[in-house]
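Comments concern the structure below.
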There are 2 protein chains.
Amino acid sequence: MREITKRADDFARWYTDVVIKTELVDYGPVKGTMIIRPYGYEIWEIIRAELDRRIKAKGHKNAYFPLFIPKSFIDKEAKHIEGFAPELALVTHVGDEKLAEPLAVRPTSETVICFAFAKWLNSYKDLPILINQWANVVRMEKTTRPFLRTTEFLWQEGHTLHESQTEAEKHTLDMLEVYVDFFKEILAIDALYGQKTESEKFAGAHTSYTIETITQDGKALQSGTSHYLAQNFSVPFDIKYLSRANKHEYPHQTSWGVSTRMMGALIMAHSDDNGLVLPPNVAPLQVRVIPVASHKEGVKEKCAELVETLVKKGIRADADFSDNTPGFKFAQAEMLGIPIRIELGPKDIENGQFVLVKRIGGVCEKSIQQGDKGNKGKTEKDDKPKKEKKIIPLSKAATQVSKALKEVQNFLYTQNKNLLSKKTIEVDTLEKLGGAVESGQFAKTNWCGLNACEEVVKQKYAASARAIPLDIALDKKFKPKKACAICGKPAVTVVIFAKAY
Amino acid sequence: MREITKRADDFARWYTDVVIKTELVDYGPVKGTMIIRPYGYEIWEIIRAELDRRIKAKGHKNAYFPLFIPKSFIDKEAKHIEGFAPELALVTHVGDEKLAEPLAVRPTSETVICFAFAKWLNSYKDLPILINQWANVVRMEKTTRPFLRTTEFLWQEGHTLHESQTEAEKHTLDMLEVYVDFFKEILAIDALYGQKTESEKFAGAHTSYTIETITQDGKALQSGTSHYLAQNFSVPFDIKYLSRANKHEYPHQTSWGVSTRMMGALIMAHSDDNGLVLPPNVAPLQVRVIPVASHKEGVKEKCAELVETLVKKGIRADADFSDNTPGFKFAQAEMLGIPIRIELGPKDIENGQFVLVKRIGGVCEKSIQQGDKGNKGKTEKDDKPKKEKKIIPLSKAATQVSKALKEVQNFLYTQNKNLLSKKTIEVDTLEKLGGAVESGQFAKTNWCGLNACEEVVKQKYAASARAIPLDIALDKKFKPKKACAICGKPAVTVVIFAKAY
């Protein structure tokens, strides 16, 4: 159970070890598929419930659309088919019988939802239409990794129709903000929020916004997107309505989604060499009480009583009454990323107290700075998980544990925010850009806006334009002070390059 | 919106009208697929939450398994492939590339879950393993109808492993009981609970139990099943564990599930010619407040205040402040099956009261007894929806509305229970059996236990053996008093025949 590769030795293997050994996930029989095991699924259920509440609070209703989409639908939007065709799983047979038209297993649901929208929309009075779907989707990618990229994944996809471009664009950004808050408050993750470049945007979108989280080894992970689709789908799918001016108009559309990939972002942000580190707001179990000398009279009872007190306060808590040693139980609670462990023995009971230990982990400096020659001396600094032991009076259990949970949540968010800020550096030459991305950093670059320069970076350093930072993308008066770091021609904006998962 | 075919004129069309016109569901672009629209999905969300809580309370954990299953897996259990092969959707291509082995889109997940169980199970200490999954499944049936039979549907499927046959058999029945309670308490449905005959059991099961609900036109609808799989899957999938006796043993397995078909059972049980009738415990909206003379001072405010009072009590309530007439609003609330509507106008406010109207519907005698010559005179009796108006003091709103909601729930359950009991009749000849099923009744029949007799009924009357009633199936000492109604040979048990959806 405990053989987890160290991040500094092999970050990719560390990740796989963590997700497999903590039983979050397992491999399915078909290449690239995953089984989400109960512990992983409990985390997903918390994520889903929290996000669902936030999405509904913005007026969206959930619905469910078919898994199978006629292949001809996908073909209707030229860029859409270009983007998805190579990954499309196609059903061609039912039993021994060949189908007249192959059915695509949905890679995303724009097209089938447009089919429904065209039936449902009549008048401007029906607008906005605000729909969300929780579903599985399939993209048959060749290189896969649990949660990060799997041929099937679970997600939520929002699809909305609006009267005007302005309203739809605002909605695209509003939903991005819903995600930003969710990432902060629940996942304890800060991220690079911004606009995708033309070459990186969603197949069929007018504008794509993205959430690029940073991993401990300094790579970017696209963890959520929100798209303004303009009328790119409403025109080919003939979605029309009678406007206020009594004319037939095409609505403006948005779509936005986050997926089980967030589970990967979560793990790569906080976890450490001892296993998972989970922010309390997303941890299936927030507190585990571990009896010390549990055979002594009254110890088990006191532990059970304490759990009851915490559960009554709405804290997800249990006690470990198994036959294992306390040391084994501590290690296991640590590996599972339970945010707080409580130790309670006869002496504590005598003194009316207990010991509280926070599971706050620590980002791995070595994995962060791999290849970053200038900082070699510091590499071991934060490598050990940070532990904080506190003595708490039993009478104050509920309030003090609640407080400690908030502290862990805040600590993890701040740690992740600091990591992102520390690892985002400004570069003004192609060489520095390359040095930054190759040493696991986000390279903030003045850019001419041409895809040719993105291609240069891709070819030379296998890094891509992750996003134009949101404040810059939205600032119409923004003028870069320096030239494009790649071609030296006048820059029109700023973009962040990084290697990506 | 209001053109719903009458049940007495065409029950099947009435059903389609209700589900389409109340916007529960719409047709997808691929034949046999459905779109679950927001109102329908809200009902499904309530069903899912209620069932999920009950399933977890029995110790099950949710997990998620892949949609795609290697075709060879399905082939491993001989009866399983025989049952599912003709309906299997097969993915043969990714983009233009042909796959080496076709992938089956799951029709049910026994096989892929067995693959995982074989990896996870080591020792008797790991048992029982109690897993549940909420997922979409695909069975490419030719004749489809929204909710009742669609090529893709949503469901929950439980899968468990146990040390002994006794324990697994008990678990199979325990889960049936969970469903029975759920059908009663949430859906307000009574049903025929029983064991499937050999020819009707699940493909691969040792024993199948079923929930057969009755529709207003007297047909059976298989609305849930629970199976004891014995070692039929654990042997071919090589799921083994080290037993207490330190020997390698195969565990005993169960699986059980209910699906979006329940939505069909719900509608066919309670709804009427004016639209939906929803039991309060499953209604997305339990109470709608409709202002009368809403332009008069204070009316809207009082309505809003009343909604707030009810919502605070945990009642799902809203007010209809649209520009429509009260009459239109009444009809719409009725069509949507909102269990209670409240009328509130200036005079009511003056008198400190409001009017409460229950939406309790009424089963359609005509549709029940179609072809039942003996009762022709009574056919119109209960055809009109039953309405009950009550004057309630505003000061007692919360308690009186809660009480009325319980009354509606109980009324609908009792009405459905009476329908089932009234429509289940004992028959002792093949002719009477035929008369019963052809006039929309459940025919309770002494039976020799041979499939040949089931085939006779199927050929002659297009009716099937729905179930051996549970009490009889579980009573090992049971001896039928009469001969098999079909062949006249000695009977071994009792079985209920009916036409089925």
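Following the order of the structure tokens, first chain is A, next is B, and so on, with residues numbered from 1 inside each chain and ligands from 1 in the order they appear.
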
Which residues are near stretch 91-108 of chain B? Cut-off 6 Å, only C-alpha atoms, ignore same chain within fewer than 4 positions. Put them as a list in words.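 Result of the neighbour search: Ala85, Pro86, Glu87, Leu88, Ala89, Leu90 and Val91 of chain A; Leu67, Phe68, Ile69, Pro70, Lys71, Val137, Val138 and Arg139 of chain B.
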
Residue subset to file, keeping all heavy atoms, as an mmCIF file, in the first residue's frame:
data_model
loop_
_atom_site.group_PDB
_atom_site.id
_atom_site.type_symbol
_atom_site.label_atom_id
_atom_site.label_comp_id
_atom_site.auth_asym_id
_atom_site.auth_seq_id
_atom_site.Cartn_x
_atom_site.Cartn_y
_atom_site.Cartn_z
ATOM 1 N N ALA A 85 -13.369 14.690 -35.410
ATOM 2 C CA ALA A 85 -13.433 13.488 -36.254
ATOM 3 C C ALA A 85 -12.447 12.378 -35.878
ATOM 4 O O ALA A 85 -12.848 11.216 -35.762
ATOM 5 C CB ALA A 85 -13.267 13.869 -37.722
ATOM 6 N N PRO A 86 -11.158 12.690 -35.668
ATOM 7 C CA PRO A 86 -10.216 11.587 -35.442
ATOM 8 C C PRO A 86 -10.470 10.828 -34.143
ATOM 9 O O PRO A 86 -10.009 9.710 -33.977
ATOM 10 C CB PRO A 86 -8.852 12.295 -35.376
ATOM 11 C CG PRO A 86 -9.083 13.713 -35.810
ATOM 12 C CD PRO A 86 -10.522 14.006 -35.615
ATOM 13 N N GLU A 87 -11.196 11.435 -33.213
ATOM 14 C CA GLU A 87 -11.412 10.809 -31.902
ATOM 15 C C GLU A 87 -12.808 10.214 -31.759
ATOM 16 O O GLU A 87 -13.163 9.705 -30.703
ATOM 17 C CB GLU A 87 -11.242 11.842 -30.791
ATOM 18 C CG GLU A 87 -9.885 12.495 -30.744
ATOM 19 C CD GLU A 87 -9.906 13.735 -29.854
ATOM 20 O OE1 GLU A 87 -10.932 13.983 -29.205
ATOM 21 O OE2 GLU A 87 -8.886 14.438 -29.815
ATOM 22 N N LEU A 88 -13.603 10.288 -32.822
ATOM 23 C CA LEU A 88 -15.000 9.846 -32.730
ATOM 24 C C LEU A 88 -15.131 8.328 -32.656
ATOM 25 O O LEU A 88 -14.674 7.618 -33.551
ATOM 26 C CB LEU A 88 -15.792 10.305 -33.946
ATOM 27 C CG LEU A 88 -16.436 11.687 -33.958
ATOM 28 C CD1 LEU A 88 -17.367 11.789 -35.160
ATOM 29 C CD2 LEU A 88 -17.201 11.976 -32.680
ATOM 30 N N ALA A 89 -15.808 7.836 -31.628
ATOM 31 C CA ALA A 89 -16.173 6.414 -31.577
ATOM 32 C C ALA A 89 -17.462 6.245 -32.357
ATOM 33 O O ALA A 89 -18.435 6.964 -32.122
ATOM 34 C CB ALA A 89 -16.365 5.970 -30.130
ATOM 35 N N LEU A 90 -17.465 5.321 -33.298
ATOM 36 C CA LEU A 90 -18.625 5.158 -34.183
ATOM 37 C C LEU A 90 -19.287 3.798 -34.022
ATOM 38 O O LEU A 90 -18.632 2.753 -34.133
ATOM 39 C CB LEU A 90 -18.196 5.340 -35.647
ATOM 40 C CG LEU A 90 -17.690 6.746 -36.009
ATOM 41 C CD1 LEU A 90 -17.047 6.750 -37.391
ATOM 42 C CD2 LEU A 90 -18.827 7.767 -35.952
ATOM 43 N N VAL A 91 -20.581 3.829 -33.741
ATOM 44 C CA VAL A 91 -21.379 2.601 -33.691
ATOM 45 C C VAL A 91 -21.855 2.329 -35.110
ATOM 46 O O VAL A 91 -22.532 3.162 -35.714
ATOM 47 C CB VAL A 91 -22.593 2.761 -32.757
ATOM 48 C CG1 VAL A 91 -23.490 1.529 -32.835
ATOM 49 C CG2 VAL A 91 -22.143 2.997 -31.320
ATOM 50 N N LEU B 67 -18.239 2.654 -20.054
ATOM 51 C CA LEU B 67 -19.344 2.476 -20.998
ATOM 52 C C LEU B 67 -19.034 1.386 -22.022
ATOM 53 O O LEU B 67 -19.916 0.638 -22.432
ATOM 54 C CB LEU B 67 -19.547 3.810 -21.733
ATOM 55 C CG LEU B 67 -20.524 3.881 -22.894
ATOM 56 C CD1 LEU B 67 -21.964 3.777 -22.379
ATOM 57 C CD2 LEU B 67 -20.353 5.194 -23.667
ATOM 58 N N PHE B 68 -17.764 1.318 -22.441
ATOM 59 C CA PHE B 68 -17.373 0.357 -23.475
ATOM 60 C C PHE B 68 -16.840 -0.921 -22.848
ATOM 61 O O PHE B 68 -15.945 -0.891 -22.006
ATOM 62 C CB PHE B 68 -16.290 0.943 -24.390
ATOM 63 C CG PHE B 68 -16.769 2.074 -25.263
ATOM 64 C CD1 PHE B 68 -15.856 2.950 -25.842
ATOM 65 C CD2 PHE B 68 -18.128 2.261 -25.523
ATOM 66 C CE1 PHE B 68 -16.288 3.994 -26.655
ATOM 67 C CE2 PHE B 68 -18.564 3.302 -26.333
ATOM 68 C CZ PHE B 68 -17.632 4.182 -26.901
ATOM 69 N N ILE B 69 -17.383 -2.037 -23.317
ATOM 70 C CA ILE B 69 -16.999 -3.349 -22.805
ATOM 71 C C ILE B 69 -16.514 -4.181 -23.991
ATOM 72 O O ILE B 69 -17.190 -4.218 -25.019
ATOM 73 C CB ILE B 69 -18.221 -4.033 -22.134
ATOM 74 C CG1 ILE B 69 -18.756 -3.145 -20.996
ATOM 75 C CG2 ILE B 69 -17.860 -5.419 -21.636
ATOM 76 C CD1 ILE B 69 -19.996 -3.689 -20.312
ATOM 77 N N PRO B 70 -15.349 -4.838 -23.877
ATOM 78 C CA PRO B 70 -14.906 -5.682 -24.991
ATOM 79 C C PRO B 70 -16.010 -6.704 -25.298
ATOM 80 O O PRO B 70 -16.556 -7.312 -24.379
ATOM 81 C CB PRO B 70 -13.657 -6.388 -24.454
ATOM 82 C CG PRO B 70 -13.215 -5.577 -23.283
ATOM 83 C CD PRO B 70 -14.439 -4.917 -22.719
ATOM 84 N N LYS B 71 -16.307 -6.863 -26.563
ATOM 85 C CA LYS B 71 -17.363 -7.793 -26.969
ATOM 86 C C LYS B 71 -17.128 -9.186 -26.363
ATOM 87 O O LYS B 71 -18.069 -9.881 -25.958
ATOM 88 C CB LYS B 71 -17.400 -7.855 -28.503
ATOM 89 C CG LYS B 71 -18.284 -8.914 -29.128
ATOM 90 C CD LYS B 71 -19.760 -8.645 -28.984
ATOM 91 C CE LYS B 71 -20.591 -9.498 -29.935
ATOM 92 N NZ LYS B 71 -20.339 -10.932 -29.821
ATOM 93 N N VAL B 137 -27.369 3.187 -20.081
ATOM 94 C CA VAL B 137 -27.116 1.916 -20.757
ATOM 95 C C VAL B 137 -27.873 1.915 -22.073
ATOM 96 O O VAL B 137 -28.801 2.695 -22.263
ATOM 97 C CB VAL B 137 -27.514 0.684 -19.904
ATOM 98 C CG1 VAL B 137 -26.539 0.453 -18.772
ATOM 99 C CG2 VAL B 137 -28.929 0.815 -19.369
ATOM 100 N N VAL B 138 -27.454 1.031 -22.971
ATOM 101 C CA VAL B 138 -28.006 1.023 -24.331
ATOM 102 C C VAL B 138 -28.479 -0.380 -24.717
ATOM 103 O O VAL B 138 -27.722 -1.343 -24.582
ATOM 104 C CB VAL B 138 -26.951 1.520 -25.341
ATOM 105 C CG1 VAL B 138 -27.417 1.285 -26.775
ATOM 106 C CG2 VAL B 138 -26.653 2.995 -25.122
ATOM 107 N N ARG B 139 -29.719 -0.476 -25.129
ATOM 108 C CA ARG B 139 -30.260 -1.723 -25.688
ATOM 109 C C ARG B 139 -31.065 -1.325 -26.916
ATOM 110 O O ARG B 139 -32.092 -0.662 -26.801
ATOM 111 C CB ARG B 139 -31.155 -2.438 -24.664
ATOM 112 C CG ARG B 139 -30.372 -2.842 -23.411
ATOM 113 C CD ARG B 139 -31.254 -3.455 -22.341
ATOM 114 N NE ARG B 139 -30.497 -3.635 -21.113
ATOM 115 C CZ ARG B 139 -31.006 -4.083 -19.963
ATOM 116 N NH1 ARG B 139 -32.279 -4.411 -19.902
ATOM 117 N NH2 ARG B 139 -30.249 -4.209 -18.896
#

Give me, as a PyMOL selection string, the residues of stretch 288-465 of chain B that a backbone DSSP run labels alpha helix (DSSP H). chain B and resi 299-312+326-335+346-351+365-368+397-423+430-438+451-461

If you count only C-alpha atoms, which residues fall within 10 Å of A:Ile189, apart from same-chain ones fewer than 2 positions away, as a ChimeraX atom specification? /A:180-187,191,213-214,265-266,269-270,279,409,412-417,420

Same residues, N, CA and C atoms, saved as an mmCIF file, in the first residue's frame:
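part.cif written:
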data_model
loop_
_atom_site.group_PDB
_atom_site.id
_atom_site.type_symbol
_atom_site.label_atom_id
_atom_site.label_comp_id
_atom_site.auth_asym_id
_atom_site.auth_seq_id
_atom_site.Cartn_x
_atom_site.Cartn_y
_atom_site.Cartn_z
ATOM 1 N N VAL A 180 -14.342 29.850 -11.400
ATOM 2 C CA VAL A 180 -13.246 30.448 -10.623
ATOM 3 C C VAL A 180 -13.549 30.344 -9.123
ATOM 4 N N ASP A 181 -14.776 30.716 -8.748
ATOM 5 C CA ASP A 181 -15.165 30.650 -7.335
ATOM 6 C C ASP A 181 -15.149 29.215 -6.826
ATOM 7 N N PHE A 182 -15.662 28.316 -7.661
ATOM 8 C CA PHE A 182 -15.710 26.910 -7.276
ATOM 9 C C PHE A 182 -14.292 26.352 -7.068
ATOM 10 N N PHE A 183 -13.397 26.648 -7.997
ATOM 11 C CA PHE A 183 -12.015 26.172 -7.872
ATOM 12 C C PHE A 183 -11.392 26.699 -6.582
ATOM 13 N N LYS A 184 -11.661 27.948 -6.268
ATOM 14 C CA LYS A 184 -11.083 28.528 -5.065
ATOM 15 C C LYS A 184 -11.718 27.932 -3.801
ATOM 16 N N GLU A 185 -13.039 28.007 -3.736
ATOM 17 C CA GLU A 185 -13.718 27.673 -2.478
ATOM 18 C C GLU A 185 -13.771 26.178 -2.192
ATOM 19 N N ILE A 186 -13.854 25.380 -3.224
ATOM 20 C CA ILE A 186 -13.989 23.939 -2.995
ATOM 21 C C ILE A 186 -12.663 23.208 -3.219
ATOM 22 N N LEU A 187 -12.034 23.442 -4.367
ATOM 23 C CA LEU A 187 -10.808 22.697 -4.692
ATOM 24 C C LEU A 187 -9.539 23.346 -4.129
ATOM 25 N N ALA A 191 -5.718 29.604 -10.428
ATOM 26 C CA ALA A 191 -5.343 29.172 -11.768
ATOM 27 C C ALA A 191 -5.104 30.376 -12.652
ATOM 28 N N THR A 213 -4.883 25.240 -14.623
ATOM 29 C CA THR A 213 -4.295 25.056 -13.295
ATOM 30 C C THR A 213 -2.825 24.677 -13.460
ATOM 31 N N ILE A 214 -2.062 24.922 -12.404
ATOM 32 C CA ILE A 214 -0.636 24.583 -12.452
ATOM 33 C C ILE A 214 -0.400 23.339 -11.605
ATOM 34 N N ALA A 265 -6.427 17.639 -11.534
ATOM 35 C CA ALA A 265 -5.922 18.968 -11.143
ATOM 36 C C ALA A 265 -5.792 19.048 -9.627
ATOM 37 N N LEU A 266 -6.803 18.519 -8.958
ATOM 38 C CA LEU A 266 -6.843 18.534 -7.494
ATOM 39 C C LEU A 266 -5.646 17.789 -6.901
ATOM 40 N N ALA A 269 -2.251 19.377 -7.639
ATOM 41 C CA ALA A 269 -2.039 20.660 -6.960
ATOM 42 C C ALA A 269 -1.554 20.475 -5.532
ATOM 43 N N HIS A 270 -2.159 19.533 -4.795
ATOM 44 C CA HIS A 270 -1.951 19.517 -3.348
ATOM 45 C C HIS A 270 -1.236 18.297 -2.782
ATOM 46 N N PRO A 279 -8.346 19.177 0.128
ATOM 47 C CA PRO A 279 -8.965 20.316 0.807
ATOM 48 C C PRO A 279 -10.228 19.833 1.533
ATOM 49 N N GLN A 409 -8.135 24.469 4.553
ATOM 50 C CA GLN A 409 -8.645 24.906 3.243
ATOM 51 C C GLN A 409 -7.884 26.154 2.770
ATOM 52 N N LEU A 412 -4.120 25.542 1.909
ATOM 53 C CA LEU A 412 -3.900 24.881 0.614
ATOM 54 C C LEU A 412 -4.139 25.848 -0.548
ATOM 55 N N TYR A 413 -5.160 26.685 -0.398
ATOM 56 C CA TYR A 413 -5.411 27.663 -1.466
ATOM 57 C C TYR A 413 -4.242 28.641 -1.591
ATOM 58 N N THR A 414 -3.789 29.146 -0.476
ATOM 59 C CA THR A 414 -2.690 30.123 -0.498
ATOM 60 C C THR A 414 -1.428 29.484 -1.052
ATOM 61 N N GLN A 415 -1.158 28.260 -0.633
ATOM 62 C CA GLN A 415 0.022 27.549 -1.123
ATOM 63 C C GLN A 415 -0.029 27.400 -2.648
ATOM 64 N N ASN A 416 -1.237 27.055 -3.164
ATOM 65 C CA ASN A 416 -1.382 26.877 -4.608
ATOM 66 C C ASN A 416 -1.273 28.213 -5.354
ATOM 67 N N LYS A 417 -1.837 29.243 -4.749
ATOM 68 C CA LYS A 417 -1.775 30.595 -5.333
ATOM 69 C C LYS A 417 -0.316 31.056 -5.405
ATOM 70 N N LEU A 420 1.578 29.237 -8.186
ATOM 71 C CA LEU A 420 1.275 29.799 -9.511
ATOM 72 C C LEU A 420 1.991 31.126 -9.722
#

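Note that the spacing between atom CA of A:Phe147 and atom CA of A:Ser199 amounts to 24.6 Å.
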
Interatomic distance, atom CA of A:Ala168 to atom CA of A:Val495 (Å, one decimal):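 Between atom CA of A:Ala168 and atom CA of A:Val495 the gap is 24.4 Å.
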
Per DSSP on the backbone, filter stretch 25-251 of chain A down to the residues in strand (DSSP E or B) and report them as a VMD selection string. chain A and resid 25 to 27 34 to 36 61 to 62 64 68 to 70 89 to 94 97 to 105 123 129 to 138 145 149 152 to 162 191 to 195 207 to 214 220 to 230 241 to 242 248 to 249

Tell me which protein, DNA and RNA residues are within 12 Å of stretch 202-205 of chain B, counting only C-alpha atoms, leaving out same-chain ones fewer than 3 positions away, and put them as a PyMOL selection string. chain B and resi 74-85+107-108+110-111+169+172+195-199+208-210+222+224-234+236+252-257

Extract, using only C-alpha atoms, all DNA, RNA and protein residues at most 12 Å from B:Ala245, discarding same-chain residues fewer than 6 positions from it, and format them as a list in words.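 Once the nearby chain positions are removed, what remains is Ser123, Tyr124 and Glu163 of chain B.
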
Which is closer to B:Trp134 than all the others in B:Ala498, B:Ile55, B:Leu121, B:Leu221, using only C-alpha atoms?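 Between B:Ala498, B:Ile55, B:Leu121, B:Leu221, the residue approaching B:Trp134 most closely is B:Ile55.
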
Quick one: everything within 7 Å of A:Asn136, counting only C-alpha atoms, minus sequence neighbours fewer than 3 positions away in the same chain. Send it as an NGL selection string. :A and (152-155)

Output of the above residues as a PDB file, in the first residue's frame, restricted to N, CA and C atoms:
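Produced file out_30.pdb, reproduced below:
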ATOM      1  N   GLU A 152     -13.170   7.852 -22.047  1.00  0.00           N
ATOM      2  CA  GLU A 152     -14.496   8.243 -21.563  1.00  0.00           C
ATOM      3  C   GLU A 152     -14.290   9.062 -20.296  1.00  0.00           C
ATOM      4  N   PHE A 153     -15.022  10.127 -20.160  1.00  0.00           N
ATOM      5  CA  PHE A 153     -14.965  10.849 -18.884  1.00  0.00           C
ATOM      6  C   PHE A 153     -16.344  11.385 -18.521  1.00  0.00           C
ATOM      7  N   LEU A 154     -16.493  11.767 -17.279  1.00  0.00           N
ATOM      8  CA  LEU A 154     -17.746  12.349 -16.799  1.00  0.00           C
ATOM      9  C   LEU A 154     -17.582  13.864 -16.770  1.00  0.00           C
ATOM     10  N   TRP A 155     -18.638  14.562 -17.107  1.00  0.00           N
ATOM     11  CA  TRP A 155     -18.556  16.008 -17.039  1.00  0.00           C
ATOM     12  C   TRP A 155     -19.917  16.633 -16.907  1.00  0.00           C
TER      13      TRP A 155
END

Name the residues in contact with B:Ala443 at a cut-off of 12 Å, using only C-alpha atoms, excluding same-chain residues fewer than 5 positions from it; report them as a compact mmCIF listing (two decimals) with C-alpha atoms, in the first residue's frame.
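Here's the written file result35.txt:
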# COMPACT_ATOMS: atom_id res chain seq x y z
CA LEU B 192 -47.11 -7.27 -7.98
CA GLY B 218 -54.51 -3.15 -16.87
CA LYS B 219 -51.19 -4.06 -18.36
CA ALA B 220 -48.05 -5.03 -16.51
CA LEU B 420 -54.14 -3.65 -8.55
CA SER B 421 -56.25 -5.65 -6.17
CA LYS B 422 -59.46 -5.10 -8.15
CA LYS B 423 -57.75 -6.04 -11.40
CA THR B 424 -56.11 -9.23 -10.13
CA ILE B 425 -58.49 -12.10 -10.60
CA GLU B 426 -58.17 -15.83 -10.13
CA VAL B 427 -58.76 -17.96 -13.22
CA ASP B 428 -58.94 -21.72 -13.55
CA THR B 429 -59.29 -22.26 -17.28
CA LEU B 430 -57.28 -21.12 -20.27
CA GLU B 431 -60.34 -19.37 -21.63
CA LYS B 432 -60.88 -17.34 -18.47
CA LEU B 433 -57.18 -16.56 -18.43
CA GLY B 434 -57.47 -15.22 -21.96
CA GLY B 435 -60.60 -13.24 -21.14
CA ALA B 436 -58.91 -11.68 -18.15
CA VAL B 437 -55.69 -10.56 -19.86
CA GLU B 438 -57.59 -9.37 -22.92
CA VAL B 457 -50.63 -18.23 -23.44
CA TYR B 461 -53.25 -14.16 -26.07
CA ALA B 463 -49.63 -12.31 -22.62
CA SER B 464 -46.74 -13.51 -20.49
CA ALA B 465 -46.04 -14.91 -17.04
CA ARG B 466 -45.23 -11.73 -15.08
CA ALA B 467 -44.35 -13.27 -11.72
CA ILE B 468 -44.93 -15.94 -9.12
CA PRO B 469 -46.28 -13.86 -6.20
CA ALA B 485 -55.34 -23.78 -15.75
CA ILE B 486 -53.58 -24.18 -19.08
CA VAL B 494 -49.21 -19.96 -8.91
CA VAL B 495 -48.24 -17.42 -11.53
CA ILE B 496 -49.73 -14.17 -12.74
CA PHE B 497 -50.24 -13.68 -16.45
CA ALA B 498 -50.83 -10.29 -18.05
CA LYS B 499 -50.22 -8.34 -21.17

Using only C-alpha atoms, which residue out of A:Gln332, A:Thr325, A:Thr493, A:Asn122 lies closest to A:Lys444? A:Thr493
